[in-house]
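Asks: The following file, start.cif, comprises mmCIF, C-alpha atoms:
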```cif
data_protein
loop_
_atom_site.label_atom_id
_atom_site.label_comp_id
_atom_site.auth_asym_id
_atom_site.auth_seq_id
_atom_site.Cartn_x
_atom_site.Cartn_y
_atom_site.Cartn_z
CA MET A 1 86.77 -15.68 -22.24
CA VAL A 2 87.35 -11.92 -22.67
CA VAL A 3 90.96 -10.71 -22.99
CA GLY A 4 91.95 -7.05 -23.20
CA CYS A 5 88.46 -5.85 -24.09
CA LYS A 6 86.28 -3.30 -22.29
CA LEU A 7 83.04 -4.98 -23.44
CA GLY A 8 81.74 -1.62 -24.61
CA GLU A 9 78.91 -0.96 -27.01
CA ILE A 10 80.84 -1.59 -30.25
CA ALA A 11 82.60 -4.80 -29.25
CA THR A 12 79.39 -6.36 -27.93
CA LYS A 13 77.00 -5.30 -30.73
CA ARG A 14 75.22 -2.90 -28.38
CA TYR A 15 75.65 -5.21 -25.38
CA ALA A 16 73.98 -8.18 -27.09
CA LEU A 17 77.09 -10.37 -26.90
CA PRO A 18 77.92 -12.54 -25.12
CA PRO A 19 74.48 -13.70 -23.93
CA LEU A 20 73.80 -13.08 -20.25
CA ARG A 21 73.53 -16.83 -19.60
CA VAL A 22 77.19 -17.29 -20.60
CA PRO A 23 79.65 -16.86 -17.68
CA ILE A 24 82.64 -14.67 -18.45
CA VAL A 25 86.31 -15.03 -17.57
CA HIS A 26 87.63 -11.47 -17.99
CA LEU A 27 91.38 -10.77 -18.25
CA GLU A 28 92.08 -7.03 -18.33
CA ILE A 29 94.99 -4.81 -17.27
CA VAL A 30 92.72 -1.83 -16.40
CA ALA A 31 91.06 -3.21 -13.29
CA GLU A 32 88.08 -0.86 -13.27
CA GLU A 33 86.96 -2.17 -16.67
CA ILE A 34 86.31 -5.61 -15.19
CA GLY A 35 82.64 -5.72 -14.31
CA ARG A 36 81.88 -2.24 -15.67
CA CYS A 37 79.51 -3.51 -18.39
CA ARG A 38 79.09 -7.18 -17.50
CA PRO A 39 79.85 -9.03 -14.26
CA ALA A 40 82.67 -11.52 -14.55
CA ALA A 41 82.43 -15.04 -13.14
CA VAL A 42 86.23 -14.98 -12.90
CA ALA A 43 88.13 -11.66 -12.80
CA LEU A 44 91.79 -11.72 -13.80
CA TRP A 45 93.74 -8.48 -13.45
CA GLY A 46 96.85 -8.43 -15.60
CA ASP A 47 98.58 -8.01 -18.94
CA ALA A 48 96.97 -9.91 -21.79
CA ARG A 49 100.10 -11.73 -22.98
CA ALA A 50 101.49 -12.45 -19.52
CA GLY A 51 98.07 -13.49 -18.24
CA LEU A 52 97.49 -15.93 -21.08
CA GLU A 53 100.98 -17.34 -20.61
CA ASP A 54 100.27 -17.90 -16.91
CA LEU A 55 96.94 -19.55 -17.72
CA ALA A 56 98.60 -21.82 -20.26
CA GLU A 57 101.21 -22.79 -17.69
CA ALA A 58 98.54 -23.42 -15.04
CA LEU A 59 96.56 -25.65 -17.38
CA ALA A 60 99.55 -27.54 -18.80
CA ASP A 61 100.23 -31.21 -18.04
CA GLY A 62 103.10 -30.29 -15.71
CA ALA A 63 101.11 -27.68 -13.74
CA ARG A 64 100.49 -29.97 -10.78
CA ALA A 65 104.21 -30.65 -10.38
CA ALA A 66 104.97 -26.93 -10.67
CA ARG A 67 102.46 -26.10 -7.92
CA ALA A 68 103.94 -28.77 -5.70
CA ALA A 69 107.40 -27.27 -6.18
CA ARG A 70 106.10 -23.92 -4.96
CA ALA A 71 104.19 -25.31 -1.99
CA ASP A 72 106.88 -24.56 0.61
CA TYR A 73 107.19 -20.96 -0.59
CA LEU A 74 103.42 -20.44 -0.51
CA ALA A 75 103.23 -21.88 3.01
CA GLU A 76 105.49 -19.07 4.24
CA THR A 77 103.04 -16.32 3.23
CA PRO A 78 100.62 -16.34 6.22
CA GLY A 79 103.48 -16.18 8.72
CA ALA A 80 105.15 -13.38 6.79
CA ASP A 81 101.94 -11.33 6.94
CA ASP A 82 101.77 -11.81 10.71
CA GLY A 83 105.36 -10.67 11.07
CA MET A 84 104.80 -7.54 9.00
CA ALA A 85 101.70 -6.59 11.00
CA GLU A 86 103.60 -7.04 14.25
CA ASP A 87 106.53 -5.00 12.99
CA ALA A 88 104.24 -2.17 11.84
CA ALA A 89 102.11 -2.09 15.01
CA PRO A 90 104.05 0.77 16.72
CA ARG A 91 103.38 3.01 13.71
CA LEU A 92 99.82 1.85 13.08
CA ASN A 93 98.92 2.67 16.69
CA SER A 94 101.32 5.57 17.15
CA SER A 95 100.49 8.25 19.72
CA ASP A 96 102.97 10.70 18.14
CA ARG A 97 102.13 14.39 17.84
CA PRO A 98 102.10 15.60 15.11
CA ILE A 99 100.08 12.58 14.00
CA HIS A 100 101.73 9.67 12.20
CA MET A 101 100.22 8.89 8.80
CA ALA A 102 99.98 5.19 9.66
CA ARG A 103 97.79 6.05 12.66
CA LEU A 104 95.51 8.11 10.42
CA CYS A 105 95.12 5.11 8.09
CA THR A 106 94.37 2.88 11.08
CA GLU A 107 91.59 5.22 12.20
CA LEU A 108 90.15 5.33 8.68
CA ASN A 109 90.04 1.52 8.70
CA ARG A 110 88.19 1.60 12.02
CA ALA A 111 85.75 4.37 11.13
CA LEU A 112 84.63 3.56 7.60
CA PRO A 113 81.82 0.98 7.21
CA ALA A 114 81.88 -1.73 4.55
CA ASP A 115 79.70 0.20 2.08
CA SER A 116 81.77 3.40 2.28
CA ILE A 117 83.87 4.92 -0.50
CA LEU A 118 87.34 6.35 0.10
CA VAL A 119 88.62 8.67 -2.65
CA ALA A 120 92.37 9.32 -2.40
CA ASP A 121 94.21 12.23 -4.01
CA GLY A 122 97.68 11.83 -5.48
CA GLY A 123 100.84 12.12 -3.39
CA PHE A 124 100.80 10.98 0.24
CA ALA A 125 97.03 10.50 0.34
CA GLY A 126 97.13 7.81 -2.34
CA HIS A 127 100.50 6.38 -1.29
CA TRP A 128 99.70 5.71 2.36
CA THR A 129 96.10 4.59 1.88
CA GLY A 130 97.15 2.36 -1.02
CA LEU A 131 99.44 0.53 1.41
CA LEU A 132 97.31 0.52 4.56
CA TYR A 133 93.63 1.08 3.80
CA ASP A 134 91.59 -2.13 3.87
CA THR A 135 88.42 -2.42 1.82
CA LYS A 136 85.80 -4.60 3.48
CA ALA A 137 83.55 -5.60 0.58
CA ALA A 138 83.77 -6.29 -3.14
CA GLY A 139 83.29 -3.33 -5.50
CA ARG A 140 84.68 0.17 -6.01
CA HIS A 141 85.18 1.20 -2.40
CA PHE A 142 88.70 2.63 -2.77
CA ILE A 143 89.29 5.09 -5.62
CA PRO A 144 92.90 6.32 -5.62
CA ASP A 145 94.60 8.68 -8.01
CA ARG A 146 98.04 7.21 -7.40
CA GLY A 147 100.36 7.35 -10.41
CA LEU A 148 98.36 9.78 -12.57
CA ALA A 149 100.13 12.88 -11.16
CA SER A 150 96.90 14.88 -10.99
CA ILE A 151 97.22 16.48 -7.55
CA GLY A 152 94.00 18.21 -6.53
CA TYR A 153 91.74 15.29 -7.43
CA GLY A 154 90.63 14.49 -3.87
CA LEU A 155 87.81 16.98 -3.27
CA PRO A 156 86.27 16.94 -6.79
CA GLY A 157 86.66 13.16 -6.88
CA GLY A 158 84.85 12.94 -3.57
CA ILE A 159 82.07 15.18 -4.88
CA GLY A 160 81.67 12.88 -7.88
CA ALA A 161 81.55 9.77 -5.69
CA ALA A 162 79.00 11.34 -3.33
CA LEU A 163 76.76 12.31 -6.26
CA ALA A 164 77.13 8.87 -7.87
CA ALA A 165 76.41 6.96 -4.65
CA PRO A 166 73.87 8.99 -2.65
CA GLY A 167 73.30 7.68 0.85
CA ARG A 168 76.65 5.95 1.11
CA PRO A 169 79.42 7.32 3.36
CA VAL A 170 82.08 9.03 1.24
CA VAL A 171 85.47 10.24 2.48
CA ALA A 172 87.95 12.14 0.32
CA ILE A 173 91.54 12.24 1.60
CA THR A 174 93.86 14.88 0.17
CA GLY A 175 97.09 16.63 1.01
CA ASP A 176 97.15 20.31 1.91
CA GLY A 177 98.84 21.13 -1.39
CA GLY A 178 96.15 19.36 -3.40
CA PHE A 179 93.39 20.86 -1.27
CA ASN A 180 94.77 24.37 -1.86
CA MET A 181 94.24 23.91 -5.60
CA VAL A 182 90.52 23.21 -5.36
CA LEU A 183 89.47 24.69 -2.03
CA GLY A 184 86.78 26.80 -3.67
CA GLU A 185 84.89 23.61 -4.56
CA LEU A 186 83.79 23.41 -0.93
CA GLU A 187 81.12 25.86 -2.04
CA THR A 188 80.04 23.39 -4.73
CA ALA A 189 79.79 20.58 -2.17
CA ARG A 190 77.87 22.84 0.21
CA ARG A 191 75.45 23.98 -2.52
CA ALA A 192 74.85 20.34 -3.50
CA LYS A 193 74.17 19.48 0.18
CA LEU A 194 76.63 16.60 0.13
CA GLY A 195 77.46 14.82 3.36
CA LEU A 196 81.07 14.41 2.22
CA THR A 197 83.97 14.15 4.64
CA ILE A 198 87.24 15.69 3.43
CA VAL A 199 90.34 14.60 5.35
CA VAL A 200 93.20 17.03 4.81
CA VAL A 201 96.68 15.63 5.41
CA ASN A 202 98.19 18.85 6.76
CA ASN A 203 101.99 18.76 6.85
CA ALA A 204 102.56 22.34 5.67
CA ALA A 205 104.50 21.01 2.70
CA SER A 206 104.33 19.40 -0.67
CA GLY A 207 105.10 16.34 1.36
CA TYR A 208 106.16 13.84 -1.26
CA VAL A 209 108.44 16.42 -2.86
CA LYS A 210 109.97 17.37 0.48
CA ALA A 211 110.48 13.74 1.53
CA LEU A 212 112.28 12.92 -1.72
CA GLN A 213 114.40 16.06 -1.47
CA HIS A 214 115.32 15.02 2.07
CA ALA A 215 116.40 11.58 0.87
CA MET A 216 118.15 12.68 -2.31
CA MET A 217 119.51 16.17 -1.55
CA GLY A 218 120.91 15.78 1.94
CA GLY A 219 118.53 18.11 3.75
CA ARG A 220 118.35 20.83 1.10
CA TYR A 221 114.83 21.81 0.06
CA GLN A 222 113.49 23.83 -2.86
CA SER A 223 109.91 25.15 -3.05
CA ALA A 224 108.65 22.28 -0.88
CA ASP A 225 107.23 24.14 2.12
CA LEU A 226 103.72 25.58 2.31
CA SER A 227 102.17 28.10 4.71
CA GLU A 228 100.78 26.79 7.97
CA MET A 229 96.99 26.85 7.51
CA ASP A 230 94.00 25.99 9.69
CA TYR A 231 91.78 24.36 7.10
CA ALA A 232 89.06 23.62 9.65
CA ALA A 233 88.72 27.37 10.30
CA VAL A 234 88.64 28.03 6.54
CA ALA A 235 85.88 25.44 6.17
CA ARG A 236 83.78 26.95 8.93
CA ALA A 237 84.16 30.38 7.34
CA MET A 238 82.69 28.87 4.17
CA GLY A 239 79.67 27.56 6.03
CA VAL A 240 80.61 23.89 6.23
CA GLY A 241 81.85 21.69 9.05
CA GLY A 242 85.45 22.07 10.17
CA ILE A 243 87.32 19.95 12.75
CA ARG A 244 91.04 20.33 13.45
CA VAL A 245 92.78 17.28 14.90
CA GLU A 246 96.21 17.56 16.52
CA ASP A 247 95.96 14.60 18.93
CA PRO A 248 95.62 11.09 17.41
CA GLU A 249 93.14 10.17 20.12
CA GLY A 250 90.73 12.66 18.57
CA LEU A 251 90.75 11.11 15.10
CA GLY A 252 87.99 8.59 15.71
CA ALA A 253 85.53 11.15 17.05
CA ALA A 254 86.33 13.62 14.26
CA LEU A 255 85.77 11.04 11.52
CA ALA A 256 82.55 9.87 13.18
CA ALA A 257 81.28 13.45 13.30
CA GLY A 258 82.04 13.95 9.62
CA LEU A 259 80.34 10.69 8.62
CA ALA A 260 77.25 11.63 10.64
CA GLU A 261 76.69 14.81 8.59
CA ARG A 262 74.14 14.22 5.83
CA ASP A 263 73.44 17.66 4.36
CA ARG A 264 76.79 19.45 4.26
CA PRO A 265 80.47 18.58 3.86
CA THR A 266 82.91 18.41 6.77
CA VAL A 267 86.64 19.14 6.61
CA VAL A 268 88.76 17.13 9.07
CA ASP A 269 92.09 18.97 9.19
CA VAL A 270 94.69 16.47 10.47
CA VAL A 271 98.05 17.87 11.59
CA VAL A 272 100.57 15.20 10.59
CA THR A 273 104.34 14.97 10.95
CA ARG A 274 106.52 17.78 9.65
CA ASP A 275 109.63 15.59 9.74
CA PRO A 276 110.57 14.85 6.10
CA GLY A 277 112.52 11.81 7.27
CA GLN A 278 109.28 10.26 8.54
CA MET A 279 106.91 11.26 5.75
CA LEU A 280 107.33 8.27 3.44
CA PRO A 281 106.04 4.86 4.53
CA ALA A 282 109.13 3.12 3.16
CA VAL A 283 112.13 3.73 0.95
CA ASP A 284 111.15 5.28 -2.36
CA ASN A 285 112.77 3.46 -5.26
CA ARG A 286 114.07 6.73 -6.68
CA THR A 287 116.37 7.19 -3.68
CA VAL A 288 118.27 3.91 -3.67
CA GLU A 289 120.44 1.82 -5.95
CA ILE A 290 118.50 -1.34 -6.74
CA LYS A 291 120.55 -4.50 -7.21
CA PRO A 292 119.38 -7.84 -8.61
CA GLY A 293 117.22 -9.59 -6.03
CA ASP A 294 116.35 -6.45 -4.06
CA ARG A 295 112.73 -5.77 -3.14
CA VAL A 296 112.20 -2.06 -2.50
CA ALA A 297 108.76 -0.84 -1.35
#
```
Please render this file's structure as structure tokens.
Replies:
Amino acid sequence: MVVGCKLGEIATKRYALPPLRVPIVHLEIVAEEIGRCRPAAVALWGDARAGLEDLAEALADGARAARAARADYLAETPGADDGMAEDAAPRLNSSDRPIHMARLCTELNRALPADSILVADGGFAGHWTGLLYDTKAAGRHFIPDRGLASIGYGLPGGIGAALAAPGRPVVAITGDGGFNMVLGELETARRAKLGLTIVVVNNAASGYVKALQHAMMGGRYQSADLSEMDYAAVARAMGVGGIRVEDPEGLGAALAAGLAERDRPTVVDVVVTRDPGQMLPAVDNRTVEIKPGDRVA
């Protein structure tokens, strides 16, 4: 059993330990370290202390009785999932113009094959896809930057994924603010002949900032708005593919066209809602008073 260890060169005596014939149970809080050097027979994502405490509880003499006591609660889970999907359906299939972010995520789920890689920038790109994008196979198919505060990661991250996994469909999703920071790297992607699709969430704003200002400052905004830009036209001027999408019914065809390109990148410029009251998928926990027992998404 491996707990809180990356199984790097030093810890494994240059990868000699443990022997390959020995199955590994790997408990690690940094999920991407599980399986990086050695495949795990059982992967456990969590804190070392809390994970070991949970394992001890699960293996204790009274574990069977504890599981039985939770059986009714666990039985509620499938029905709760069905209810949430039904409640979210109007947004997931929204025909709104500008385009609803949930509809964009729905179209990404439909368009991307099981072996694809989705790289998500910080801000809205990582927030929405983290909630709604569904991976279809085991492995690193969704690479978000959520929580690291490094806006601008989407395009260079997508370039890295495309170089690391040649022949696999790669989509990078980024906000317009993040894309502005690294737009010149389209030339790098073009020069490398990468069939990378870059989806730009175009809301003419630093969207997360504006949405939080809307919720917390009563409609007063500071340095949150960006210039209206046609990023598809910018892309075409740089010699790569550029498709602007203003109607949600055009998302599927635009994504398919980008994925079909093998020798050059394609920018899919998606015009999404400008309403700061509709930008966040749920209530941000910085905008509400949380009381004991509350569950705020």
Asks: Counting all atoms listed in the file, which residues sit no farther than 10 Å from the position (81.4, -5.9, -7.0) in the file's frame? I'd like them as a ChimeraX atom specification.
Replies: /A:34-36,39-40,137-141
Asks: Where does the PyMOL selection byres ((chain A and resi 257-261) around 10) land in this file, that is, which residues does it pick, as an MDAnalysis selection string?
Replies: chainID A and resid 111:113 116 168:171 193:199 241:243 251:256 262:268
Asks: Atoms to include: C-alpha atoms. Write the selected residues as a CSV table (one decimal), in the coordinates of the input.
Replies:
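part00.csv, freshly written:
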```csv
chain,number,residue,atom,x,y,z
A,111,ALA,CA,85.8,4.4,11.1
A,112,LEU,CA,84.6,3.6,7.6
A,113,PRO,CA,81.8,1.0,7.2
A,116,SER,CA,81.8,3.4,2.3
A,168,ARG,CA,76.6,6.0,1.1
A,169,PRO,CA,79.4,7.3,3.4
A,170,VAL,CA,82.1,9.0,1.2
A,171,VAL,CA,85.5,10.2,2.5
A,193,LYS,CA,74.2,19.5,0.2
A,194,LEU,CA,76.6,16.6,0.1
A,195,GLY,CA,77.5,14.8,3.4
A,196,LEU,CA,81.1,14.4,2.2
A,197,THR,CA,84.0,14.2,4.6
A,198,ILE,CA,87.2,15.7,3.4
A,199,VAL,CA,90.3,14.6,5.4
A,241,GLY,CA,81.8,21.7,9.0
A,242,GLY,CA,85.4,22.1,10.2
A,243,ILE,CA,87.3,20.0,12.8
A,251,LEU,CA,90.8,11.1,15.1
A,252,GLY,CA,88.0,8.6,15.7
A,253,ALA,CA,85.5,11.2,17.0
A,254,ALA,CA,86.3,13.6,14.3
A,255,LEU,CA,85.8,11.0,11.5
A,256,ALA,CA,82.6,9.9,13.2
A,262,ARG,CA,74.1,14.2,5.8
A,263,ASP,CA,73.4,17.7,4.4
A,264,ARG,CA,76.8,19.4,4.3
A,265,PRO,CA,80.5,18.6,3.9
A,266,THR,CA,82.9,18.4,6.8
A,267,VAL,CA,86.6,19.1,6.6
A,268,VAL,CA,88.8,17.1,9.1
```
Asks: From the options A:Leu55, A:Ala205, A:Ala43, A:Ala164, which residue's atoms come nearest to Val25 in chain A, counting all atoms listed in the file?
Replies: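 That would be A:Ala43, the residue with the smallest distance to Val25 in chain A.
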Asks: Could you please determine the separation between CA of Gln222 in chain A and CA of Arg91 in chain A in Å, to one decimal place?
Replies: 28.5 Å
Asks: Which protein, DNA or RNA residues have an atom at most 8 Å from (96.8, 16.9, -4.3), counting only C-alpha atoms? List them as a list of chain:residue names.
Replies: A:Asp121, A:Gly122, A:Gly123, A:Ala125, A:Ser150, A:Ile151, A:Gly152, A:Tyr153, A:Gly154, A:Thr174, A:Gly175, A:Asp176, A:Gly177, A:Gly178, A:Phe179, A:Met181
Asks: Please measure the separation of CA of Glu33 in chain A and CA of Ala161 in chain A, giving the value in Å to one decimal.
Replies: 17.1 Å
Asks: Given the PyMOL selection byres ((chain A and resi 132) around 10) and the file above, list the residues it selects as a list in words.
Replies: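 Matching residues under the PyMOL selection byres ((chain A and resi 132) around 10) are Leu92, Met101, Ala102, Arg103, Leu104, Cys105, Thr106, Leu108, Asn109, His127, Trp128, Thr129, Gly130, Leu131, Tyr133, Asp134, Thr135 and Pro281 of chain A.
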Asks: Using all atoms listed in the file, which residue out of A:Ala211, A:Ala192, A:Pro144, A:Ala88 lies closest to Pro166 in chain A?
Replies: A:Ala192
Asks: Between CA of Ala204 in chain A and CA of Ser95 in chain A, what is the spacing in Å?
Replies: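 Interatomic distance here is 20.0 Å.
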Asks: Could you pull the residues within 12 Å of Ala41 in chain A, counting only C-alpha atoms, minus those fewer than 6 positions along the same chain, as a short mmCIF file (atom, residue, chain, number, x, y, z; two decimals) with C-alpha atoms, in the coordinates of the input?
Replies:
```cif
data_model
loop_
_atom_site.label_atom_id
_atom_site.label_comp_id
_atom_site.auth_asym_id
_atom_site.auth_seq_id
_atom_site.Cartn_x
_atom_site.Cartn_y
_atom_site.Cartn_z
CA MET A 1 86.77 -15.68 -22.24
CA VAL A 2 87.35 -11.92 -22.67
CA LEU A 20 73.80 -13.08 -20.25
CA ARG A 21 73.53 -16.83 -19.60
CA VAL A 22 77.19 -17.29 -20.60
CA PRO A 23 79.65 -16.86 -17.68
CA ILE A 24 82.64 -14.67 -18.45
CA VAL A 25 86.31 -15.03 -17.57
CA HIS A 26 87.63 -11.47 -17.99
CA LEU A 27 91.38 -10.77 -18.25
CA ILE A 34 86.31 -5.61 -15.19
CA GLY A 35 82.64 -5.72 -14.31
#
```
Asks: If the PyMOL selection byres ((chain A and resi 51) around 12) is run on the structure shown, which residues does it catch, given as a compact mmCIF listing (two decimals) with C-alpha atoms, keeping the file's coordinate frame?
Replies:
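out_25.txt, freshly written:
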```txt
# COMPACT_ATOMS: atom_id res chain seq x y z
CA VAL A 2 87.35 -11.92 -22.67
CA VAL A 3 90.96 -10.71 -22.99
CA GLY A 4 91.95 -7.05 -23.20
CA VAL A 25 86.31 -15.03 -17.57
CA HIS A 26 87.63 -11.47 -17.99
CA LEU A 27 91.38 -10.77 -18.25
CA GLU A 28 92.08 -7.03 -18.33
CA ILE A 29 94.99 -4.81 -17.27
CA ALA A 43 88.13 -11.66 -12.80
CA LEU A 44 91.79 -11.72 -13.80
CA TRP A 45 93.74 -8.48 -13.45
CA GLY A 46 96.85 -8.43 -15.60
CA ASP A 47 98.58 -8.01 -18.94
CA ALA A 48 96.97 -9.91 -21.79
CA ARG A 49 100.10 -11.73 -22.98
CA ALA A 50 101.49 -12.45 -19.52
CA LEU A 52 97.49 -15.93 -21.08
CA GLU A 53 100.98 -17.34 -20.61
CA ASP A 54 100.27 -17.90 -16.91
CA LEU A 55 96.94 -19.55 -17.72
CA ALA A 56 98.60 -21.82 -20.26
CA GLU A 57 101.21 -22.79 -17.69
CA ALA A 58 98.54 -23.42 -15.04
```
Asks: Considering only C-alpha atoms, can you say which of A:Ala114, A:Ile10, A:Ala66, A:Leu226 comes closest to Val209 in chain A?
Replies: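 Nearest to Val209 in chain A: A:Leu226.
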